[in-house]
Structures are given as C-alpha cells and as structure tokens.
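Visitor: The following file, data-v8.pdb, comprises PDB, C-alpha atoms:
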ATOM      1  CA  MET A   2      -4.387 -18.033  -6.630
ATOM      2  CA  SER A   3      -3.300 -15.563  -3.969
ATOM      3  CA  ASN A   4       0.090 -13.904  -4.292
ATOM      4  CA  PHE A   5       0.356 -13.607  -0.506
ATOM      5  CA  SER A   6       0.713 -16.043   2.387
ATOM      6  CA  VAL A   7       1.375 -16.032   6.124
ATOM      7  CA  ALA A   8       3.347 -18.742   7.955
ATOM      8  CA  PHE A   9       3.104 -19.066  11.761
ATOM      9  CA  ARG A  10       6.054 -19.961  14.015
ATOM     10  CA  THR A  11       6.465 -19.803  17.778
ATOM     11  CA  THR A  12       9.612 -19.035  19.725
ATOM     12  CA  GLY A  13       9.128 -18.938  23.503
ATOM     13  CA  SER A  14       6.190 -16.636  24.198
ATOM     14  CA  VAL A  15       6.472 -14.911  20.831
ATOM     15  CA  THR A  16       4.500 -15.780  17.699
ATOM     16  CA  ILE A  17       6.229 -14.966  14.438
ATOM     17  CA  LEU A  18       4.112 -14.312  11.367
ATOM     18  CA  ALA A  19       6.342 -14.653   8.311
ATOM     19  CA  LEU A  20       4.798 -12.815   5.385
ATOM     20  CA  ASN A  21       5.421 -13.868   1.819
ATOM     21  CA  GLY A  22       4.473 -12.079  -1.387
ATOM     22  CA  GLU A  23       2.512  -8.903  -1.944
ATOM     23  CA  LEU A  24       0.266  -7.185   0.580
ATOM     24  CA  ASP A  25      -2.401  -5.015  -1.051
ATOM     25  CA  ALA A  26      -6.128  -4.329  -0.724
ATOM     26  CA  HIS A  27      -6.847  -7.822  -2.055
ATOM     27  CA  THR A  28      -4.539  -9.740   0.286
ATOM     28  CA  ALA A  29      -4.708  -7.531   3.426
ATOM     29  CA  PRO A  30      -7.740  -9.492   4.781
ATOM     30  CA  GLU A  31      -5.461 -12.575   4.999
ATOM     31  CA  LEU A  32      -3.077 -10.716   7.320
ATOM     32  CA  GLU A  33      -6.050  -9.394   9.262
ATOM     33  CA  SER A  34      -7.315 -12.983   9.771
ATOM     34  CA  ALA A  35      -3.854 -14.161  10.832
ATOM     35  CA  ILE A  36      -3.528 -11.440  13.487
ATOM     36  CA  GLN A  37      -7.119 -11.950  14.609
ATOM     37  CA  HIS A  38      -6.331 -15.676  14.996
ATOM     38  CA  CYS A  39      -3.361 -14.825  17.250
ATOM     39  CA  LYS A  40      -5.609 -12.579  19.342
ATOM     40  CA  ASN A  41      -8.251 -15.289  19.681
ATOM     41  CA  GLU A  42      -5.554 -17.754  20.808
ATOM     42  CA  GLY A  43      -4.307 -15.293  23.427
ATOM     43  CA  ALA A  44      -0.986 -14.828  21.608
ATOM     44  CA  TYR A  45      -0.356 -11.140  22.188
ATOM     45  CA  ASN A  46       3.390 -10.992  21.515
ATOM     46  CA  ILE A  47       3.627 -10.886  17.748
ATOM     47  CA  ILE A  48       6.506 -10.360  15.358
ATOM     48  CA  VAL A  49       5.602  -9.743  11.747
ATOM     49  CA  SER A  50       8.588 -10.744   9.643
ATOM     50  CA  GLY A  51       8.896  -9.128   6.237
ATOM     51  CA  ALA A  52      11.990 -10.859   4.826
ATOM     52  CA  GLN A  53       9.886 -12.409   2.032
ATOM     53  CA  LEU A  54       7.414  -9.528   1.731
ATOM     54  CA  ASP A  55       7.965  -7.912  -1.660
ATOM     55  CA  TYR A  56       5.322  -5.190  -1.590
ATOM     56  CA  ILE A  57       2.987  -3.306   0.737
ATOM     57  CA  SER A  58       0.294  -0.701   0.065
ATOM     58  CA  SER A  59      -1.703   1.357   2.561
ATOM     59  CA  ALA A  60      -4.235  -1.486   2.869
ATOM     60  CA  GLY A  61      -1.475  -3.581   4.474
ATOM     61  CA  LEU A  62      -0.356  -0.726   6.726
ATOM     62  CA  GLY A  63      -3.982  -0.282   7.764
ATOM     63  CA  VAL A  64      -4.038  -3.786   9.282
ATOM     64  CA  PHE A  65      -1.193  -2.842  11.637
ATOM     65  CA  MET A  66      -2.891   0.455  12.491
ATOM     66  CA  ALA A  67      -6.125  -1.327  13.349
ATOM     67  CA  PHE A  68      -4.560  -3.833  15.772
ATOM     68  CA  ILE A  69      -1.500  -2.307  17.430
ATOM     69  CA  GLU A  70      -3.223  -0.343  20.188
ATOM     70  CA  GLU A  71      -5.441  -3.289  21.091
ATOM     71  CA  PHE A  72      -2.445  -5.648  21.440
ATOM     72  CA  ARG A  73      -0.601  -3.126  23.598
ATOM     73  CA  THR A  74      -3.654  -2.740  25.810
ATOM     74  CA  LEU A  75      -3.674  -6.530  26.196
ATOM     75  CA  GLY A  76      -0.080  -6.379  27.421
ATOM     76  CA  GLY A  77       1.526  -7.455  24.161
ATOM     77  CA  ASP A  78       2.820  -5.772  21.036
ATOM     78  CA  ILE A  79       3.108  -6.210  17.293
ATOM     79  CA  LYS A  80       6.716  -5.678  16.274
ATOM     80  CA  ILE A  81       7.868  -5.583  12.690
ATOM     81  CA  ALA A  82      11.131  -7.155  11.565
ATOM     82  CA  ALA A  83      13.421  -7.820   8.611
ATOM     83  CA  LEU A  84      11.676  -5.561   6.107
ATOM     84  CA  GLN A  85      13.171  -5.242   2.648
ATOM     85  CA  PRO A  86      14.333  -1.644   2.038
ATOM     86  CA  LYS A  87      11.618  -0.891  -0.535
ATOM     87  CA  VAL A  88       8.922  -2.059   1.928
ATOM     88  CA  PHE A  89      10.517  -0.210   4.855
ATOM     89  CA  ASN A  90      10.401   2.953   2.703
ATOM     90  CA  VAL A  91       6.592   2.752   2.630
ATOM     91  CA  PHE A  92       6.411   2.416   6.440
ATOM     92  CA  ASP A  93       8.841   5.320   6.718
ATOM     93  CA  LEU A  94       6.888   7.511   4.270
ATOM     94  CA  LEU A  95       3.964   7.638   6.710
ATOM     95  CA  GLY A  96       6.006   7.987   9.883
ATOM     96  CA  PHE A  97       5.362   4.432  11.085
ATOM     97  CA  PRO A  98       8.784   4.101  12.753
ATOM     98  CA  LEU A  99       7.437   6.599  15.328
ATOM     99  CA  ILE A 100       4.518   4.327  16.174
ATOM    100  CA  PHE A 101       5.805   0.779  15.676
ATOM    101  CA  SER A 102       8.856  -1.068  16.902
ATOM    102  CA  ILE A 103      10.691  -1.964  13.714
ATOM    103  CA  ALA A 104      13.747  -4.215  14.062
ATOM    104  CA  GLU A 105      16.332  -5.092  11.433
ATOM    105  CA  THR A 106      16.130  -8.818  12.199
ATOM    106  CA  GLU A 107      13.681 -11.267  13.776
ATOM    107  CA  GLU A 108      16.284 -11.971  16.469
ATOM    108  CA  ALA A 109      16.470  -8.281  17.385
ATOM    109  CA  ALA A 110      12.662  -8.152  17.607
ATOM    110  CA  VAL A 111      12.619 -11.232  19.886
ATOM    111  CA  GLU A 112      15.265  -9.516  22.009
ATOM    112  CA  MET A 113      12.999  -6.448  22.314
ATOM    113  CA  PHE A 114      10.267  -8.661  23.757
ATOM    114  CA  SER A 115      12.626 -10.317  26.235
ATOM    115  CA  LYS A 116      13.863  -6.904  27.383
ATOM    116  CA  GLY A 117      10.308  -5.571  27.517
ATOM    117  CA  THR A 118      11.119  -2.758  25.124
ATOM    118  CA  THR A 119       8.033  -0.929  23.944
ATOM    119  CA  HIS A 120       7.836   1.957  21.627
ATOM    120  CA  ASN A 121       5.837   4.492  23.577
TER     121      ASN A 121
ATOM    122  CA  MET B  12      11.084  11.081 -29.301
ATOM    123  CA  THR B  13       7.310  11.358 -29.344
ATOM    124  CA  ALA B  14       4.992  10.216 -26.585
ATOM    125  CA  THR B  15       3.998   6.562 -26.381
ATOM    126  CA  ILE B  16       0.813   5.329 -24.754
ATOM    127  CA  HIS B  17      -0.088   1.876 -23.431
ATOM    128  CA  THR B  18      -3.476   1.019 -21.957
ATOM    129  CA  LEU B  19      -4.953  -1.566 -19.624
ATOM    130  CA  ALA B  20      -8.584  -2.026 -18.598
ATOM    131  CA  ILE B  21      -9.456  -4.005 -15.462
ATOM    132  CA  PRO B  22     -12.733  -4.970 -13.795
ATOM    133  CA  SER B  23     -13.287  -2.986 -10.561
ATOM    134  CA  ALA B  24     -11.978  -5.712  -8.239
ATOM    135  CA  THR B  25      -8.921  -5.699  -5.985
ATOM    136  CA  ARG B  26      -7.754  -9.072  -7.337
ATOM    137  CA  TYR B  27      -6.572  -7.224 -10.465
ATOM    138  CA  LEU B  28      -4.330  -4.779  -8.563
ATOM    139  CA  LYS B  29      -1.317  -7.034  -9.039
ATOM    140  CA  ASP B  30      -1.903  -6.977 -12.798
ATOM    141  CA  VAL B  31      -1.952  -3.179 -12.674
ATOM    142  CA  ARG B  32       1.383  -3.162 -10.806
ATOM    143  CA  ARG B  33       2.927  -5.563 -13.370
ATOM    144  CA  PHE B  34       1.682  -3.349 -16.201
ATOM    145  CA  ILE B  35       3.219  -0.226 -14.633
ATOM    146  CA  LEU B  36       6.476  -2.073 -13.896
ATOM    147  CA  ARG B  37       6.810  -3.306 -17.479
ATOM    148  CA  HIS B  38       6.267   0.070 -19.118
ATOM    149  CA  ALA B  39       8.091   2.194 -16.534
ATOM    150  CA  ARG B  40      11.115  -0.090 -16.963
ATOM    151  CA  LYS B  41      10.911   0.273 -20.721
ATOM    152  CA  ALA B  42      10.814   4.039 -20.149
ATOM    153  CA  GLN B  43      14.069   3.649 -18.159
ATOM    154  CA  LEU B  44      12.761   5.264 -14.992
ATOM    155  CA  PRO B  45      15.015   4.617 -11.971
ATOM    156  CA  ASP B  46      13.919   1.805  -9.604
ATOM    157  CA  ASP B  47      12.742   4.126  -6.819
ATOM    158  CA  ALA B  48      10.566   6.095  -9.252
ATOM    159  CA  ILE B  49       9.109   2.842 -10.634
ATOM    160  CA  GLU B  50       8.260   1.648  -7.107
ATOM    161  CA  ALA B  51       6.669   5.021  -6.304
ATOM    162  CA  LEU B  52       4.593   4.916  -9.488
ATOM    163  CA  GLN B  53       3.435   1.326  -8.839
ATOM    164  CA  LEU B  54       2.337   2.203  -5.305
ATOM    165  CA  ALA B  55       0.622   5.476  -6.278
ATOM    166  CA  VAL B  56      -1.291   3.770  -9.109
ATOM    167  CA  ASP B  57      -2.264   0.869  -6.798
ATOM    168  CA  GLU B  58      -3.577   3.356  -4.214
ATOM    169  CA  ALA B  59      -5.536   5.302  -6.836
ATOM    170  CA  CYS B  60      -7.098   2.112  -8.287
ATOM    171  CA  THR B  61      -7.884   0.803  -4.777
ATOM    172  CA  ASN B  62      -9.702   4.059  -3.964
ATOM    173  CA  ILE B  63     -11.688   3.844  -7.201
ATOM    174  CA  ILE B  64     -12.688   0.216  -6.521
ATOM    175  CA  GLU B  65     -13.543   0.728  -2.848
ATOM    176  CA  HIS B  66     -14.907   4.290  -2.838
ATOM    177  CA  ALA B  67     -15.856   5.507  -6.340
ATOM    178  CA  TYR B  68     -17.530   2.151  -7.108
ATOM    179  CA  GLY B  69     -18.325   1.338  -3.466
ATOM    180  CA  GLY B  70     -16.859  -2.178  -3.727
ATOM    181  CA  SER B  71     -19.037  -3.214  -6.672
ATOM    182  CA  THR B  72     -16.972  -5.368  -9.039
ATOM    183  CA  LYS B  73     -19.175  -4.861 -12.110
ATOM    184  CA  HIS B  74     -17.455  -1.757 -13.371
ATOM    185  CA  LYS B  75     -14.291  -0.940 -15.245
ATOM    186  CA  VAL B  76     -11.109   0.979 -14.480
ATOM    187  CA  ASP B  77      -9.127   2.298 -17.456
ATOM    188  CA  ILE B  78      -5.425   2.845 -17.022
ATOM    189  CA  ALA B  79      -3.033   4.451 -19.500
ATOM    190  CA  ILE B  80       0.688   5.030 -19.119
ATOM    191  CA  ILE B  81       2.022   7.847 -21.251
ATOM    192  CA  VAL B  82       5.763   8.184 -21.685
ATOM    193  CA  ASP B  83       7.509  11.179 -23.198
ATOM    194  CA  PRO B  84      11.063  12.570 -22.969
ATOM    195  CA  THR B  85      10.302  14.645 -19.863
ATOM    196  CA  ARG B  86       7.926  12.523 -17.805
ATOM    197  CA  VAL B  87       5.886   9.389 -17.244
ATOM    198  CA  MET B  88       2.207  10.034 -16.612
ATOM    199  CA  VAL B  89      -0.427   7.493 -15.600
ATOM    200  CA  ARG B  90      -4.021   8.409 -16.372
ATOM    201  CA  ILE B  91      -6.755   6.462 -14.581
ATOM    202  CA  ARG B  92     -10.436   6.814 -15.505
ATOM    203  CA  ASP B  93     -13.619   5.625 -13.829
ATOM    204  CA  ARG B  94     -17.327   6.367 -13.957
ATOM    205  CA  GLY B  95     -18.081   6.146 -10.245
ATOM    206  CA  GLN B  96     -18.547   8.702  -7.484
ATOM    207  CA  PRO B  97     -16.079  11.565  -7.996
ATOM    208  CA  PHE B  98     -13.418  12.158  -5.339
ATOM    209  CA  ASP B  99     -14.003  15.407  -3.454
ATOM    210  CA  GLN B 100     -10.486  16.739  -3.119
ATOM    211  CA  GLN B 101     -11.750  20.005  -1.526
ATOM    212  CA  SER B 102     -12.916  18.229   1.615
ATOM    213  CA  TYR B 103      -9.868  15.961   1.864
ATOM    214  CA  ILE B 104      -7.787  16.387   5.016
ATOM    215  CA  ALA B 105      -4.397  14.661   5.344
ATOM    216  CA  PRO B 106      -4.669  11.934   7.992
ATOM    217  CA  ASN B 107      -2.910  12.068  11.354
ATOM    218  CA  VAL B 108      -1.370   8.605  11.386
ATOM    219  CA  VAL B 109      -0.481   8.647  15.082
ATOM    220  CA  ALA B 110      -3.996   9.688  16.141
ATOM    221  CA  LEU B 111      -5.681   7.170  13.827
ATOM    222  CA  THR B 112      -3.497   4.357  15.160
ATOM    223  CA  ARG B 113      -4.296   5.243  18.767
ATOM    224  CA  GLN B 114      -7.982   4.964  17.884
ATOM    225  CA  GLY B 115      -7.424   1.640  16.115
ATOM    226  CA  GLN B 116      -8.605   3.165  12.863
ATOM    227  CA  ALA B 117      -7.249   2.148   9.510
ATOM    228  CA  GLY B 118      -7.567   3.663   6.079
ATOM    229  CA  GLY B 119      -7.529   7.121   4.591
ATOM    230  CA  LEU B 120      -3.859   6.814   3.729
ATOM    231  CA  GLY B 121      -4.041   6.252  -0.023
ATOM    232  CA  VAL B 122      -4.393   9.857  -1.158
ATOM    233  CA  HIS B 123      -1.722  10.900   1.348
ATOM    234  CA  ILE B 124       0.712   8.347  -0.138
ATOM    235  CA  ILE B 125      -0.107   9.401  -3.703
ATOM    236  CA  ARG B 126       0.611  13.061  -2.932
ATOM    237  CA  LYS B 127       3.855  12.247  -1.162
ATOM    238  CA  LEU B 128       5.164  10.064  -3.991
ATOM    239  CA  MET B 129       4.130  11.899  -7.148
ATOM    240  CA  ASP B 130       5.547  15.090  -8.650
ATOM    241  CA  GLN B 131       2.098  16.114  -9.861
ATOM    242  CA  VAL B 132      -1.449  14.895  -9.134
ATOM    243  CA  GLU B 133      -4.443  16.204 -11.082
ATOM    244  CA  TYR B 134      -8.145  15.364 -10.809
ATOM    245  CA  LEU B 135     -10.519  15.990 -13.694
ATOM    246  CA  SER B 136     -14.196  15.231 -14.273
ATOM    247  CA  GLU B 137     -16.051  15.378 -17.558
ATOM    248  CA  GLY B 138     -19.635  14.215 -17.710
ATOM    249  CA  ARG B 139     -19.731  11.019 -15.666
ATOM    250  CA  THR B 140     -16.057  10.239 -16.211
ATOM    251  CA  ASN B 141     -13.508  10.954 -13.477
ATOM    252  CA  GLU B 142      -9.825  11.077 -14.241
ATOM    253  CA  ILE B 143      -6.731  11.192 -12.071
ATOM    254  CA  ARG B 144      -3.343  11.954 -13.601
ATOM    255  CA  LEU B 145      -0.235  10.879 -11.740
ATOM    256  CA  THR B 146       3.033  12.298 -13.044
ATOM    257  CA  LYS B 147       6.638  11.477 -12.323
ATOM    258  CA  TYR B 148       9.135  13.769 -14.059
ATOM    259  CA  ARG B 149      12.448  12.442 -15.291
ATOM    260  CA  THR B 150      15.439  13.862 -13.513
ATOM    261  CA  HIS B 151      18.535  14.337 -15.633
TER     262      HIS B 151
END
With the file now loaded, output its structure as structure tokens.

Guide:
Amino acid sequence: MSNFSVAFRTTGSVTILALNGELDAHTAPELESAIQHCKNEGAYNIIVSGAQLDYISSAGLGVFMAFIEEFRTLGGDIKIAALQPKVFNVFDLLGFPLIFSIAETEEAAVEMFSKGTTHN
Amino acid sequence: MTATIHTLAIPSATRYLKDVRRFILRHARKAQLPDDAIEALQLAVDEACTNIIEHAYGGSTKHKVDIAIIVDPTRVMVRIRDRGQPFDQQSYIAPNVVALTRQGQAGGLGVHIIRKLMDQVEYLSEGRTNEIRLTKYRTH
C-alpha cells in the first residue's frame, strides 16, 4: 500500500492538489501523474497544498522542477502552499523559494493567482 | 558508553525507502539526537539509498542495500554498502537548481542535499563493495 496520495479540488480557475503522506523516489511518480493529468485537462493554474505532506526528498522536488517552466509557458503556474516547517526546510535548503511561489496558506496562493502574481 | 550498531538490509527497490527512514528514526531517537538532526539524517540516508537503487544498481531490484547505524558518545554515523557501480565523486559537480528548473530538468540533487545536511560524508570502495558513511556529530 502506498504511503502517499493526491486529492484534487477546484476553486474557480485554480486546481488544488492536496498531498498526503510521504513523497520519495517511490511515490514521486504519483505526483508526476497528477500534474500530468492537470496538464492534459488544460488546468494550468495549480496549487500544491502540503498541509498533510509529512516528508519530501529530492525525487519529489524533481517533479516540481520538471513541470514548472512548462506550466508558466502555458500561461499558468504551480504554486506551493501550506507546507509543514520540516518540509519547507527541504525546499529552502535548495533555494526553491527563489524559483517557486510558496505561500503560507492555500488562500494566499489562490489570492496570488487572482492578482496575477508570478515569481519571476 | 561504547558504540552500538544496528543493521538493516533491504532489497534494491524504492518501495523500501520508507522502512529505511523508520529504521533511522527509531535509532536516532534512541540516540537522543535533536529532531532537526534526525530529519537531516533520514533525508540524507534516503537520498543515498535512492542513488544506490537508481544509479549504482541502475534500477534493478534484485540486489541488496546494507545499512548500519552506529551510535557513540560523539556522533551518529550511518554506513551504507552496495555492490553496484561506484559513485565517481571526482566528476561530481553541484547542480545549478535555477538553471536545471528553467530547462525542465529534474534530478541530480541527492548528493547536493547529502553534503548540505551532513557534518561528514565519506566514500570508500573495497573490492566490489562501495560504502558511504554519513556522520552527524552531537553538539553539546
């Protein structure tokens, strides 16, 4: 049984992917499929919510690295929200706050989309 | 206090990474490492095992990864052994995360994370066996 899952929600033009569990080299393909699914559906405004994400390794970070530029080129973005401190620390360790929009809450991330705030 | 050693052997498949993290958590807690050091050790060991599974063994799940956690009064060291392709640390270049992201490229971050999180990282090879030693010193 997998120790990771993704739940989809939609609010306005934004799709929220709520992550649950542990994201490592074994479970990263599930996140990859979820984001690929959004892309196939033409949902380019994505918020990845980490409130229930207990762990991330570089395999999980790699999924974001692989997709972010493509979503921005398509006129959307992948924003990251509500990370637990220990998970945020891993993003921070590699300088991800310079590349990704990381919001403290899902609401703040939705707000960024409505204001058209991009990171670079 | 003398050194204590606990060992775990896993097949070379990523599905066992969570078991490795549980093993490190259990023994690092027993060793009374602070939470941030335990989290760093779990992540560094995960990254090292992932690299062994995906690179040293090229994704083949028929091999074995041997993990040992050694606790003494000054440090906690995790020793990981495999019999796959050795890691060439001479030709390793730290990744430029911004540039990789712009190119939509993933990966290459594991070794970078390990070096950032650990106090000491050593690579050894003897015969066909490769060994990486990840050390976190106790701070008093």

Visitor: Separation of CA of Ser3 (chain A) and CA of Ile91 (chain B), in Å?

Guide: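 Computing the Euclidean distance for CA of Ser3 (chain A) and CA of Ile91 (chain B) yields 24.7 Å.
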
Visitor: Suppose a student applies the PyMOL selection byres ((chain A) within 7 of (chain B)) to this structure; what residues should they get, written as a list of chain:residue names?

Guide: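 So the PyMOL selection byres ((chain A) within 7 of (chain B)) ends up selecting A:Ala26, A:His27, A:Ser58, A:Ser59, A:Ala60, A:Gly63, A:Val64, A:Met66, A:Ala67, A:Phe68, A:Glu70, A:Ile100.
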
Visitor: Counting all atoms listed in the file, which of B:Met88, B:Met129, B:Ile104, B:Ile16 gets nearest to Arg144 (chain B)?

Guide: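 Once distances to Arg144 (chain B) are computed over all atoms listed in the file, the minimum belongs to B:Met88.
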
Visitor: Give me, as JSON, numbers by chain, all polymer residues having an atom no more than 8 Å from Phe34 (chain B), counting all atoms listed in the file and skipping those fewer than 4 positions away in the same chain.

Guide: {"B": [19, 30, 38]}

Visitor: Hey, which of A:Ala8, A:Leu54, A:Cys39, A:Ile47 ends up closest to Glu23 (chain A)? Count all atoms listed in the file.

Guide: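 Among the listed residues, the smallest separation from Glu23 (chain A) belongs to A:Leu54.
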
Visitor: Please evaluate the PyMOL selection byres ((chain A and resi 9) around 9) against the structure above and give the resulting residues as a ChimeraX atom specification.

Guide: /A:7-8,10-11,16-19,35

Visitor: For the file shown, what are the residues hit by the PyMOL selection byres ((chain A and resi 103) around 8), laid out as a list in words?

Guide: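 Applied to this file, the PyMOL selection byres ((chain A and resi 103) around 8) selects Lys80, Ile81, Ala82, Pro98, Phe101, Ser102, Ala104, Glu105 and Ala110 of chain A.
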
Visitor: Between CA of Leu84 (chain A) and CA of Ala52 (chain A), measure the distance and give it in Å to one decimal.

Guide: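 That distance, rounded to one decimal, is 5.5 Å.
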
Visitor: How far is it from CA of Ile48 (chain A) to CA of Asp93 (chain A), in Å with one decimal?

Guide: 18.1 Å

Visitor: Would you mind telling me which residue in A:Thr106, A:Gln37, A:Thr12, A:Asn4 lies nearest to Glu71 (chain A) when using only C-alpha atoms?

Guide: A:Gln37

Visitor: Near Lys40 (chain A), counting all atoms listed in the file, which residues have an atom at most 12 Å away, once you skip same-chain residues fewer than 5 positions from it, shown as a list in words?

Guide: Thr16, Glu33, Ser34, Ala35, Tyr45, Asn46, Ile47, Phe68, Ile69, Glu71, Phe72, Arg73, Thr74, Leu75, Gly76, Gly77, Asp78 and Ile79 of chain A

Visitor: Only C-alpha atoms, please: the residues just picked out, written as a CSV table (one decimal), in the coordinates of the input.

Guide:
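Saved file selection-v4.csv follows:
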chain,number,residue,atom,x,y,z
A,16,THR,CA,4.5,-15.8,17.7
A,33,GLU,CA,-6.0,-9.4,9.3
A,34,SER,CA,-7.3,-13.0,9.8
A,35,ALA,CA,-3.9,-14.2,10.8
A,45,TYR,CA,-0.4,-11.1,22.2
A,46,ASN,CA,3.4,-11.0,21.5
A,47,ILE,CA,3.6,-10.9,17.7
A,68,PHE,CA,-4.6,-3.8,15.8
A,69,ILE,CA,-1.5,-2.3,17.4
A,71,GLU,CA,-5.4,-3.3,21.1
A,72,PHE,CA,-2.4,-5.6,21.4
A,73,ARG,CA,-0.6,-3.1,23.6
A,74,THR,CA,-3.7,-2.7,25.8
A,75,LEU,CA,-3.7,-6.5,26.2
A,76,GLY,CA,-0.1,-6.4,27.4
A,77,GLY,CA,1.5,-7.5,24.2
A,78,ASP,CA,2.8,-5.8,21.0
A,79,ILE,CA,3.1,-6.2,17.3

Visitor: Pick out the residues sitting within 8 Å of Ile49 (chain B), and hand them over as a list in words; count all atoms listed in the file, and ignore anything fewer than 3 positions along from it in its own chain.

Guide: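 Near neighbours after the sequence-gap exclusion: Ile35, Leu36, Ala39, Arg40, Leu44, Pro45, Asp46, Leu52 and Gln53 of chain B.
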
Visitor: Kindly list the centre and edge lengths in Å, rounded to one decimal, for the axis-aligned box that covers all listed atoms of region 42-53 of chain A plus 8 Å on each of its six sides, as AutoDock Vina command-line options.

Guide:
--center_x 3.2 --center_y -13.4 --center_z 12.7 --size_x 33.5 --size_y 24.6 --size_z 37.4

Visitor: Find the residue from B:Leu145, B:Val56, B:Ile21, B:Val132 that sits nearest to Val87 (chain B); use only C-alpha atoms when measuring.

Guide: B:Leu145
